Structures are given as C-alpha cells and as structure tokens.
Amino acid sequence: MTTLGGQVAGATTTSGATDASGPVEQSTARRGGAETDRAAAAEFLEMFHAENRRAGPVARRMASVMREIDSTGTYWHTPEELAFGARVAWRNNARCIGRLYWNSLQVRDLRGVSDAAGVAEHCFDHLRAANSGGKIRPMISVFAPEGPSLPAPRIWNEQLIRYAGYGQRNGRVLGDPRYHTFTSKLIRRGWRSPERRGAFDVLPLVVETVEEGPQMFDLPSDAVHEVPLEHPEFSWFAELGMRWHAVPVISNNRLEIGGVSYPAAPFNGWYMGTEIGARNLGDSNRYDLVPTVAERMGLDTSNEATLWRDRALVEINRAVLHSFQVNGVTISDHHTESSRFLTHLGKEERAGRRCPADWSWIVPPMSGSQTPVFHRYYDTEDLVPNFFGDDDATRRALEGSPPAFG
C-alpha cells in the first residue's frame, strides 16, 4: 500500500459489476453530513414490504426506523432490505441495457468495512468471485454507508480494473488516453509503473477515507482476469497484442437506498461486446484501433464513402465476441442484449412498474437501427433506489484530484 503522498505505508495482503465509459451523471446524489430523509426512508420501506409479502406489515418496521432516525440521524438497513435495495437499484438504472437478470444480483454485505485496506481487499475478492472461472456473476459489494457524522469511504477509479495511459514524446498516448491525466497524477504521487510500460498496465486501486486520506493498492495478478483478443479469420489480429479484462466492475457510483447513501458499492454485470469493441477499442479518443485494423485489412481509406471505418469496426467487434467465447468468458452481443431488454421491459410493464431508460445509452453504439430498442420511446424519469454519479467522483476518476476529504 502506498499513500498518495508517495510514502510507503506497508504491504497489501492478498487474502481470499457494465463498461459504462463513465459514471451516471446525476446531481441528486446526497453528499452526506445531513440527516437521512424520512420521506425517502418511508417510500423505500413501503416498496420493500409491498414486494416482499413475507416481511409482514410495514407499520412496525416503519416506526422502528423513524425512531432510529430521530436518535441517530440515519438508520441501518436489514440484510434483506439491503439486498432488495441493491437489486432494485439495478432494475431502475436507466443507462443499463442488461437489467433482465436484476433479481439474480449477488449482494455482498460489507457495511462493517470502512478502512481503505479492508475495502481494497474485498474489492479484489469481488473480482475473483465475480469472474467465477469465466462464468461472470452479477455482483455488488456494499461498504460502509454515509453517516451524519462519519463520511463513508470513496473509490476513485471508475472501474476496479482500468488501464494506464502514458504520454509519449510524439504526443501520442501508450495505453488508454482516457486515463492519461489520472495515470500521471498517480505516478507523481508514488505509484511505480512497470519498468517496461505497455498498453494494458493495470492501474492501482485508489481508496480514500476521511481518517487515512487516499491510499493506493496494486491489484493482485490473480484478481485480474484478461482475455487476449484474436479474430476468427484474420490470423494477424492476434499480433496486435490487444486484450481486455473480463469483469466490468463500476466502482465510483453512489448507491442510494431509502435515503441512505453508499458511496463505495462496486457493481458488475457482464460485458456487451460493443462496450469493448466499439467504444473502448474503437473510439478515437480511446485505443483508436479502427485505422490500424482497416490498414491490415487492406481497405481503401482514401474516402469516407468507402465505409472503411464501419467495416473495420465490425471486425473488431467480431474479434471481441469470438475471443471471449473461445476463452469461456461470459459476454453478450448487442442484438441479443437488445432483445433481452425488451423482454425485461415487458416484464416490468406487466408487474405494473415503470422502466426508465436513457435512449442514448440503451441503443448500442454500433448498428443501432438494426436493434429493436432503437424504434421506440422510453420513460426517462429517474427512480430510486438507484446508482448515481457526481461531478466530484468523475473528476477524481479522470484527473486524480481533488481528494473527497481535503
């Protein structure tokens, strides 16, 4: 473990969630320091008891929670309430296309963990458990909640696994340009990059607490599962040396349940292929692989009308899907996932529930009009429980500053 001041503070032990390319931008996430909203608590308890008949009448629990808020300024969810709230947060998230399996989310109740090293270790355990030999399990790890007097821990990284971006003398970036500034800040503050830098060097996990400040933890190799990318027809594709990590754990969004805020609640489903192929590898401000693949394919790039970008992008996405499949790692294509989303939407409508969706995120970044989710409108109202992001969390994930508890 290394402090962001650069001083070695000890050694990290290694005992025992969709690549959104950025957190959900919402301004409604509660910052902490205030008493829990009683109306939000009441609304959640009503929902929990309405959807969980075995929990019995809500009146007794409601009275208990209101007394607890009067006494402490907040309240403690039961394990059942926490699990339900986390699953409903996934169900309500308007930017996620893969919500059909919301009720299968595995919830790790880690609310007793609030120290930086403990959070980091459990995050590494999360990566190991969620990978499950390639059979990716939807999972969330919920750490200590925000309290009126004690802020909860923060995870700076957008995802538990992110790749470094190193500035080069020629002005280009080796690795992921999205994290160029973040990488530079961590190096200046004590992180030692590999002696031989590469395009897929895993950045350290940064966990901040009010008592300890920001701390850095290198990810153990057995927690980082990656898939080398090859193409089903182009043998030269493997020579490009591309790869991507198997488990997309979004880690700097805030989970809100019944007025209680959990700023550290890393969550994963599994990848949809276009998240990797069309965005992470294809975007011109990320790995920008399209021109390279087009050249290796021998495409005419002299004129945009030849659609060389489109042809190359399809082959990159084919390579991603093929590689995950031959390595036995769960992944879904955008056509299948779009159909699954409409199945989910139909189930929600039959249950009498609204299903919010952000069209710009639900429609895949490739061949959008060829998917069924393209040709309709959606309810856009945000519901709670939910996952939220904020400007400060985004800034820390991309710029490495300022600390949450400066």
# chains A, B, ... in the order shown; residues from 1 in each chain; ligands from 1
call {"tool": "select_by_dssp", "arguments": {"residues": "region 43-275 of chain A", "states": "alpha helix (DSSP H)", "output": "PyMOL selection string"}}
result
chain A and resi 43-51+59-72+79-92+116-131+180-188+273-274
call {"tool": "residues_around", "arguments": {"residues": "Ala129 (chain A)", "least_positions_apart": "5", "cutoff": "12 Å", "atoms": "only C-alpha atoms", "output": "PyMOL selection string"}}
result
chain A and resi 16-17+106-108+122-124+134-141+222-225+247+249+268
call {"tool": "closest_atom_pairs", "arguments": {"of": "region 236-294 of chain A", "to": "region 60-79 of chain A", "cutoff": "10 Å", "atoms": "only C-alpha atoms", "output": "tab-separated table"}}
result
residue	atom	partner	partner_atom	distance
A:Ile257	CA	A:His77	CA	8.9
A:Gly258	CA	A:His77	CA	9.0
A:Gly259	CA	A:Thr74	CA	8.5
A:Val260	CA	A:Thr74	CA	7.3
call {"tool": "write_last_selection", "arguments": {"atoms": "N, CA, C and O atoms", "output": "PDB file, in the first residue's frame"}}
result
ATOM      1  N   ILE A 257     -30.338   4.008  -1.306  1.00  0.00           N
ATOM      2  CA  ILE A 257     -31.453   3.144  -0.911  1.00  0.00           C
ATOM      3  C   ILE A 257     -32.196   3.806   0.239  1.00  0.00           C
ATOM      4  O   ILE A 257     -31.639   3.972   1.334  1.00  0.00           O
ATOM      5  N   GLY A 258     -33.409   4.217  -0.001  1.00  0.00           N
ATOM      6  CA  GLY A 258     -34.247   4.729   1.074  1.00  0.00           C
ATOM      7  C   GLY A 258     -33.645   5.867   1.861  1.00  0.00           C
ATOM      8  O   GLY A 258     -33.778   5.923   3.088  1.00  0.00           O
ATOM      9  N   GLY A 259     -32.962   6.780   1.186  1.00  0.00           N
ATOM     10  CA  GLY A 259     -32.353   7.922   1.853  1.00  0.00           C
ATOM     11  C   GLY A 259     -30.987   7.658   2.437  1.00  0.00           C
ATOM     12  O   GLY A 259     -30.336   8.578   2.940  1.00  0.00           O
ATOM     13  N   VAL A 260     -30.517   6.417   2.389  1.00  0.00           N
ATOM     14  CA  VAL A 260     -29.178   6.066   2.870  1.00  0.00           C
ATOM     15  C   VAL A 260     -28.245   5.957   1.674  1.00  0.00           C
ATOM     16  O   VAL A 260     -28.587   5.341   0.661  1.00  0.00           O
TER      17      VAL A 260
END
call {"tool": "residues_around", "arguments": {"residues": "region 383-400 of chain A", "least_positions_apart": "4", "cutoff": "9 Å", "atoms": "only C-alpha atoms", "output": "PyMOL selection string"}}
result
chain A and resi 22-29+40+44+85-94+154-159+178-186+252-259+354-356+404
call {"tool": "select_by_dssp", "arguments": {"residues": "region 196-402 of chain A", "states": "strand (DSSP E)", "output": "NGL selection string"}}
result
:A and (205-209 or 213-217 or 226-228 or 243-245 or 249-250 or 254-257 or 260-262 or 267-268 or 271-272 or 331-332 or 386-388)
call {"tool": "closest_residue", "arguments": {"among": "A:Glu337, A:Glu81, A:Asp176, A:Glu381", "to": "Gly273 (chain A)", "atoms": "only C-alpha atoms"}}
result
A:Glu337
call {"tool": "residues_around", "arguments": {"residues": "Gly175 (chain A)", "least_positions_apart": "6", "cutoff": "10 Å", "atoms": "only C-alpha atoms", "output": "MDAnalysis selection string"}}
result
chainID A and resid 163:167 197:202 286:287
call {"tool": "closest_residue", "arguments": {"among": "A:Ile316, A:Ile161, A:Ala41, A:Leu281", "to": "Met297 (chain A)", "atoms": "only C-alpha atoms"}}
result
A:Ile316
call {"tool": "atom_distance", "arguments": {"atom1": "CA of Leu203 (chain A)", "atom2": "CA of Ser251 (chain A)"}}
result
13.6 Å
call {"tool": "residues_around", "arguments": {"residues": "region 328-330 of chain A", "least_positions_apart": "5", "cutoff": "12 Å", "atoms": "only C-alpha atoms", "output": "list in words"}}
result
Ala130, Asn131, Ser132, Gly133, Gly134, Lys135, Ile136, Arg137, Pro138, His225, Glu226, Val227, Pro228, Trp244, His245, Ala246, Val247, Pro248, Gly269, Trp270, Tyr271, Met272, Gly273, Val320, Leu321, His322 and Ser323 of chain A
call {"tool": "residues_around", "arguments": {"residues": "Thr371 (chain A)", "least_positions_apart": "2", "cutoff": "7 Å", "atoms": "only C-alpha atoms", "output": "mmCIF file with C-alpha atoms, in the first residue's frame"}}
result
data_model
loop_
_atom_site.group_PDB
_atom_site.id
_atom_site.type_symbol
_atom_site.label_atom_id
_atom_site.label_comp_id
_atom_site.auth_asym_id
_atom_site.auth_seq_id
_atom_site.Cartn_x
_atom_site.Cartn_y
_atom_site.Cartn_z
ATOM 1 C CA HIS A 335 -28.568 -7.764 -30.830
ATOM 2 C CA SER A 338 -31.387 -5.553 -27.041
ATOM 3 C CA GLY A 368 -28.336 0.871 -33.581
ATOM 4 C CA SER A 369 -31.183 0.893 -36.113
ATOM 5 C CA VAL A 373 -34.517 -0.950 -28.821
ATOM 6 C CA PHE A 374 -33.929 1.775 -31.441
#
call {"tool": "residues_around", "arguments": {"residues": "Glu233 (chain A)", "least_positions_apart": "6", "cutoff": "10 Å", "atoms": "only C-alpha atoms", "output": "VMD selection string"}}
result
chain A and resid 315 318 to 319
call {"tool": "write_last_selection", "arguments": {"atoms": "N, CA, C and O atoms", "output": "PDB file, in the first residue's frame"}}
result
ATOM      1  N   GLU A 315     -15.298  -5.869 -37.641  1.00  0.00           N
ATOM      2  CA  GLU A 315     -14.334  -6.945 -37.440  1.00  0.00           C
ATOM      3  C   GLU A 315     -13.700  -6.884 -36.047  1.00  0.00           C
ATOM      4  O   GLU A 315     -13.393  -7.923 -35.458  1.00  0.00           O
ATOM      5  N   ARG A 318     -16.287  -8.445 -33.893  1.00  0.00           N
ATOM      6  CA  ARG A 318     -16.273  -9.898 -34.088  1.00  0.00           C
ATOM      7  C   ARG A 318     -15.138 -10.528 -33.293  1.00  0.00           C
ATOM      8  O   ARG A 318     -15.300 -11.592 -32.685  1.00  0.00           O
ATOM      9  N   ALA A 319     -13.987  -9.877 -33.317  1.00  0.00           N
ATOM     10  CA  ALA A 319     -12.832 -10.402 -32.585  1.00  0.00           C
ATOM     11  C   ALA A 319     -13.099 -10.458 -31.086  1.00  0.00           C
ATOM     12  O   ALA A 319     -12.741 -11.436 -30.412  1.00  0.00           O
TER      13      ALA A 319
END
call {"tool": "closest_residue", "arguments": {"among": "A:Tyr262, A:His231, A:Arg350, A:Leu345", "to": "Phe324 (chain A)", "atoms": "only C-alpha atoms"}}
result
A:His231
call {"tool": "atom_distance", "arguments": {"atom1": "CA of Pro194 (chain A)", "atom2": "CA of Gly277 (chain A)"}}
result
25.8 Å
call {"tool": "decode", "arguments": {"residues": "region 109-127 of chain A", "atoms": "N, CA and C atoms", "output": "PDB file, in the first residue's frame"}}
result
ATOM      1  N   ASP A 109     -22.654  -8.061   1.660  1.00  0.00           N
ATOM      2  CA  ASP A 109     -22.896  -7.074   2.710  1.00  0.00           C
ATOM      3  C   ASP A 109     -21.610  -6.837   3.488  1.00  0.00           C
ATOM      4  N   LEU A 110     -20.931  -5.745   3.155  1.00  0.00           N
ATOM      5  CA  LEU A 110     -19.642  -5.410   3.776  1.00  0.00           C
ATOM      6  C   LEU A 110     -19.718  -4.066   4.485  1.00  0.00           C
ATOM      7  N   ARG A 111     -20.881  -3.788   5.055  1.00  0.00           N
ATOM      8  CA  ARG A 111     -21.081  -2.481   5.687  1.00  0.00           C
ATOM      9  C   ARG A 111     -20.213  -2.268   6.906  1.00  0.00           C
ATOM     10  N   GLY A 112     -19.659  -3.333   7.451  1.00  0.00           N
ATOM     11  CA  GLY A 112     -18.762  -3.190   8.592  1.00  0.00           C
ATOM     12  C   GLY A 112     -17.353  -2.811   8.195  1.00  0.00           C
ATOM     13  N   VAL A 113     -17.080  -2.729   6.891  1.00  0.00           N
ATOM     14  CA  VAL A 113     -15.738  -2.414   6.392  1.00  0.00           C
ATOM     15  C   VAL A 113     -15.685  -0.941   5.994  1.00  0.00           C
ATOM     16  N   SER A 114     -14.800  -0.189   6.638  1.00  0.00           N
ATOM     17  CA  SER A 114     -14.697   1.239   6.328  1.00  0.00           C
ATOM     18  C   SER A 114     -13.258   1.710   6.174  1.00  0.00           C
ATOM     19  N   ASP A 115     -12.250   0.848   6.436  1.00  0.00           N
ATOM     20  CA  ASP A 115     -10.852   1.237   6.279  1.00  0.00           C
ATOM     21  C   ASP A 115     -10.397   0.968   4.851  1.00  0.00           C
ATOM     22  N   ALA A 116      -9.426   1.725   4.384  1.00  0.00           N
ATOM     23  CA  ALA A 116      -9.004   1.662   2.987  1.00  0.00           C
ATOM     24  C   ALA A 116      -8.484   0.280   2.599  1.00  0.00           C
ATOM     25  N   ALA A 117      -7.626  -0.302   3.433  1.00  0.00           N
ATOM     26  CA  ALA A 117      -7.071  -1.617   3.105  1.00  0.00           C
ATOM     27  C   ALA A 117      -8.158  -2.678   3.059  1.00  0.00           C
ATOM     28  N   GLY A 118      -9.107  -2.601   3.988  1.00  0.00           N
ATOM     29  CA  GLY A 118     -10.204  -3.562   4.001  1.00  0.00           C
ATOM     30  C   GLY A 118     -11.063  -3.451   2.766  1.00  0.00           C
ATOM     31  N   VAL A 119     -11.378  -2.219   2.360  1.00  0.00           N
ATOM     32  CA  VAL A 119     -12.164  -2.012   1.146  1.00  0.00           C
ATOM     33  C   VAL A 119     -11.425  -2.591  -0.059  1.00  0.00           C
ATOM     34  N   ALA A 120     -10.124  -2.301  -0.171  1.00  0.00           N
ATOM     35  CA  ALA A 120      -9.349  -2.790  -1.308  1.00  0.00           C
ATOM     36  C   ALA A 120      -9.334  -4.309  -1.356  1.00  0.00           C
ATOM     37  N   GLU A 121      -9.071  -4.953  -0.217  1.00  0.00           N
ATOM     38  CA  GLU A 121      -9.011  -6.416  -0.188  1.00  0.00           C
ATOM     39  C   GLU A 121     -10.330  -7.046  -0.617  1.00  0.00           C
ATOM     40  N   HIS A 122     -11.423  -6.484  -0.136  1.00  0.00           N
ATOM     41  CA  HIS A 122     -12.727  -7.029  -0.509  1.00  0.00           C
ATOM     42  C   HIS A 122     -13.056  -6.746  -1.975  1.00  0.00           C
ATOM     43  N   CYS A 123     -12.535  -5.664  -2.524  1.00  0.00           N
ATOM     44  CA  CYS A 123     -12.696  -5.413  -3.956  1.00  0.00           C
ATOM     45  C   CYS A 123     -11.965  -6.477  -4.773  1.00  0.00           C
ATOM     46  N   PHE A 124     -10.774  -6.858  -4.313  1.00  0.00           N
ATOM     47  CA  PHE A 124     -10.041  -7.908  -5.012  1.00  0.00           C
ATOM     48  C   PHE A 124     -10.789  -9.234  -4.914  1.00  0.00           C
ATOM     49  N   ASP A 125     -11.351  -9.515  -3.736  1.00  0.00           N
ATOM     50  CA  ASP A 125     -12.168 -10.721  -3.583  1.00  0.00           C
ATOM     51  C   ASP A 125     -13.379 -10.680  -4.516  1.00  0.00           C
ATOM     52  N   HIS A 126     -13.959  -9.495  -4.664  1.00  0.00           N
ATOM     53  CA  HIS A 126     -15.096  -9.319  -5.569  1.00  0.00           C
ATOM     54  C   HIS A 126     -14.703  -9.727  -6.989  1.00  0.00           C
ATOM     55  N   LEU A 127     -13.567  -9.266  -7.455  1.00  0.00           N
ATOM     56  CA  LEU A 127     -13.124  -9.603  -8.805  1.00  0.00           C
ATOM     57  C   LEU A 127     -12.934 -11.101  -8.972  1.00  0.00           C
TER      58      LEU A 127
END
